[in-house]
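**Student:** Sharing model-v8.txt, compact mmCIF, C-alpha atoms:
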```
# COMPACT_ATOMS: atom_id res chain seq x y z
CA MET A 1 -14.15 28.18 -20.10
CA VAL A 2 -12.93 26.06 -17.24
CA SER A 3 -14.06 22.49 -16.97
CA GLY A 4 -14.11 19.34 -14.93
CA GLY A 5 -16.61 17.57 -12.74
CA GLN A 6 -16.68 16.53 -9.13
CA LEU A 7 -13.36 16.36 -7.34
CA TYR A 8 -14.53 15.81 -3.76
CA GLY A 9 -17.78 16.58 -1.95
CA GLU A 10 -19.51 19.35 -3.83
CA THR A 11 -16.25 20.81 -5.18
CA THR A 12 -15.53 20.49 -8.90
CA TRP A 13 -12.35 20.88 -10.92
CA ALA A 14 -14.07 23.70 -12.81
CA GLU A 15 -14.66 25.66 -9.59
CA LEU A 16 -11.04 25.24 -8.51
CA MET A 17 -9.78 26.41 -11.92
CA ARG A 18 -12.22 29.32 -11.87
CA ALA A 19 -10.81 30.47 -8.51
CA ARG A 20 -7.26 30.14 -9.83
CA ALA A 21 -8.11 32.09 -13.00
CA ILE A 22 -9.66 34.90 -10.98
CA LYS A 23 -6.61 34.97 -8.71
CA GLY A 24 -4.50 35.23 -11.88
CA GLY A 25 -6.44 38.29 -13.05
CA VAL A 26 -9.19 36.88 -15.29
CA PRO A 27 -12.44 38.80 -14.70
CA ALA A 28 -15.04 36.48 -13.11
CA GLU A 29 -17.73 37.53 -15.59
CA ARG A 30 -15.56 36.27 -18.50
CA ILE A 31 -15.32 32.71 -17.12
CA ARG A 32 -17.77 29.98 -18.11
CA LEU A 33 -17.99 26.74 -16.15
CA GLN A 34 -18.53 23.21 -17.39
CA ALA A 35 -18.67 21.18 -14.19
CA ARG A 36 -20.23 17.84 -15.29
CA SER A 37 -17.46 15.94 -17.08
CA THR A 38 -15.72 12.96 -15.53
CA THR A 39 -13.35 12.09 -18.41
CA THR A 40 -11.34 14.02 -20.97
CA ALA A 41 -13.67 12.82 -23.74
CA GLU A 42 -16.71 14.13 -21.82
CA ASP A 43 -14.84 17.34 -21.10
CA ALA A 44 -14.36 17.95 -24.81
CA GLU A 45 -17.92 16.93 -25.71
CA PHE A 46 -19.62 19.08 -23.05
CA CYS A 47 -17.40 22.10 -23.73
CA ALA A 48 -18.02 21.83 -27.47
CA LYS A 49 -21.78 21.91 -26.88
CA LEU A 50 -21.55 24.92 -24.57
CA LEU A 51 -19.21 26.84 -26.87
CA ALA A 52 -21.06 26.04 -30.12
CA LEU A 53 -18.27 27.63 -32.16
CA PRO A 54 -18.62 28.38 -35.85
CA PRO A 55 -16.07 27.11 -38.39
CA GLY A 56 -12.97 29.29 -38.46
CA SER A 57 -12.86 29.69 -34.68
CA ARG A 58 -9.81 29.01 -32.55
CA VAL A 59 -9.61 27.44 -29.11
CA ILE A 60 -6.59 27.61 -26.83
CA LEU A 61 -6.45 24.46 -24.74
CA VAL A 62 -4.41 24.65 -21.52
CA THR A 63 -3.68 21.52 -19.52
CA SER A 64 -0.69 19.69 -18.06
CA PRO A 65 2.14 18.92 -20.48
CA TRP A 66 1.61 15.16 -20.38
CA HIS A 67 -2.17 15.46 -20.80
CA SER A 68 -2.08 17.99 -23.63
CA GLU A 69 -1.71 15.62 -26.59
CA ARG A 70 -4.63 13.38 -25.60
CA ALA A 71 -6.80 16.33 -24.55
CA ALA A 72 -6.15 18.12 -27.85
CA LYS A 73 -7.17 14.98 -29.77
CA HIS A 74 -10.50 14.81 -27.92
CA PHE A 75 -11.18 18.53 -28.34
CA ARG A 76 -10.38 18.42 -32.07
CA GLU A 77 -12.83 15.55 -32.50
CA ALA A 78 -15.56 17.23 -30.44
CA LEU A 79 -15.21 20.69 -32.00
CA GLY A 80 -14.94 19.47 -35.59
CA GLU A 81 -12.62 20.15 -38.49
CA GLY A 82 -13.55 23.80 -38.85
CA VAL A 83 -12.34 24.77 -35.37
CA GLU A 84 -8.60 25.09 -34.71
CA VAL A 85 -7.38 23.76 -31.37
CA LEU A 86 -4.12 25.26 -30.17
CA SER A 87 -2.56 23.17 -27.42
CA CYS A 88 -0.69 25.26 -24.85
CA PRO A 89 0.63 23.01 -22.09
CA SER A 90 0.81 24.64 -18.70
CA PRO A 91 4.36 25.45 -17.56
CA GLU A 92 3.58 24.72 -13.90
CA ARG A 93 5.08 21.21 -13.88
CA GLN A 94 8.54 21.63 -15.26
CA GLY A 95 11.97 21.18 -13.82
CA ASP A 96 12.36 18.46 -11.22
CA TRP A 97 8.84 17.02 -11.60
CA TRP A 98 10.14 13.45 -11.24
CA LYS A 99 11.08 14.20 -7.63
CA SER A 100 7.42 14.73 -6.75
CA ALA A 101 5.38 11.58 -6.04
CA GLU A 102 2.19 13.39 -7.10
CA ASP A 103 3.65 14.50 -10.45
CA THR A 104 5.13 11.06 -11.11
CA ARG A 105 1.75 9.41 -10.40
CA ALA A 106 0.01 11.89 -12.72
CA LEU A 107 2.42 11.08 -15.54
CA ALA A 108 2.10 7.32 -15.00
CA THR A 109 -1.70 7.58 -14.99
CA GLU A 110 -1.66 9.60 -18.21
CA LEU A 111 0.62 7.08 -19.92
CA LEU A 112 -1.66 4.22 -18.89
CA LYS A 113 -4.72 6.03 -20.21
CA HIS A 114 -2.94 6.76 -23.45
CA LEU A 115 -1.69 3.21 -23.98
CA TRP A 116 -4.21 0.99 -22.23
CA TRP A 117 -7.47 2.61 -23.30
CA GLY A 118 -6.27 3.72 -26.71
CA GLU A 119 -6.75 7.43 -26.06
CA GLY A 120 -10.28 6.89 -24.72
CA GLY A 121 -10.21 8.34 -21.21
```
Take the structure in the file and write it out as structure tokens.

**Tutor:**
Amino acid sequence: MVSGGQLYGETTWAELMRARAIKGGVPAERIRLQARSTTTAEDAEFCAKLLALPPGSRVILVTSPWHSERAAKHFREALGEGVEVLSCPSPERQGDWWKSAEDTRALATELLKHLWWGEGG
């Protein structure tokens, strides 16, 4: 499952991730989209409803390294105690990330969400 709501115009995060997954070799018919969420909490809630996993299931959650802890918390809450959430941060933003203004902004935004809104965003 790939998820995330509107990014710009009619394009959603889910559609962009779907295209990237297909480019990476994931068969299109194996990909489910959740394209409504606007926050991490909604992401977890909407995905949990679509997945409807039984106790004993496992979910592998892939997101940026600095978003992974907060995202995993939301997904664990939404999926319930019986579903194991394995957080696997994406390796794409390693190395000299602090030299990129975009990566630095993303980290600062994540820290603010984590501290200011008490994990809520």

**Student:** Here is a test: counting only C-alpha atoms, which residue of A:Met1, A:Pro91, A:Ala19, A:Lys49 is nearest to A:Leu33?

**Tutor:**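 That would be A:Met1, the residue with the smallest distance to A:Leu33.
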
**Student:** Taking all atoms listed in the file into account, which of A:Ala52, A:Ala44, A:Ile31, A:Gly4 comes nearest A:Arg76?

**Tutor:** A:Ala44

**Student:** Have a look at A:Gly80, A:Val2, A:Leu86, A:Arg20 and name the one nearest to A:Pro54; count all atoms listed in the file.

**Tutor:**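 Comparing A:Gly80, A:Val2, A:Leu86, A:Arg20 against A:Pro54, the winner is A:Gly80.
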
**Student:** Quick one: distance from atom CA of A:Val59 to atom CA of A:Thr12 in Å, one decimal?

**Tutor:**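 Computing the Euclidean distance for atom CA of A:Val59 and atom CA of A:Thr12 yields 22.2 Å.
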
**Student:** Kindly indicate which residue among A:Met17, A:Ile22, A:Ser3, A:Ser64 lies nearest to A:Ala35, using all atoms listed in the file for the distances.

**Tutor:**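 Residue with the minimum atom-to-atom distance to A:Ala35: A:Ser3.
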
**Student:** Could you work out how far atom CA of A:Thr11 lies from atom CA of A:Glu69, giving the answer in Å with one decimal?

**Tutor:**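 About the pair atom CA of A:Glu69 and atom CA of A:Thr11: they are 26.4 Å apart.
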
**Student:** When you count only C-alpha atoms, which of these residues is closest to A:Ala14: A:His74, A:Leu79, A:Val26, A:Ser37?

**Tutor:**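 Comparing A:His74, A:Leu79, A:Val26, A:Ser37 against A:Ala14, the winner is A:Ser37.
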
**Student:** Have a look at A:Cys47, A:Ala71, A:Leu61, A:Leu53 and name the one nearest to A:Val83; count all atoms listed in the file.

**Tutor:** A:Leu53

**Student:** In Å, how far is it from atom CA of A:Ala21 to atom CA of A:Ser90?

**Tutor:** 12.9 Å
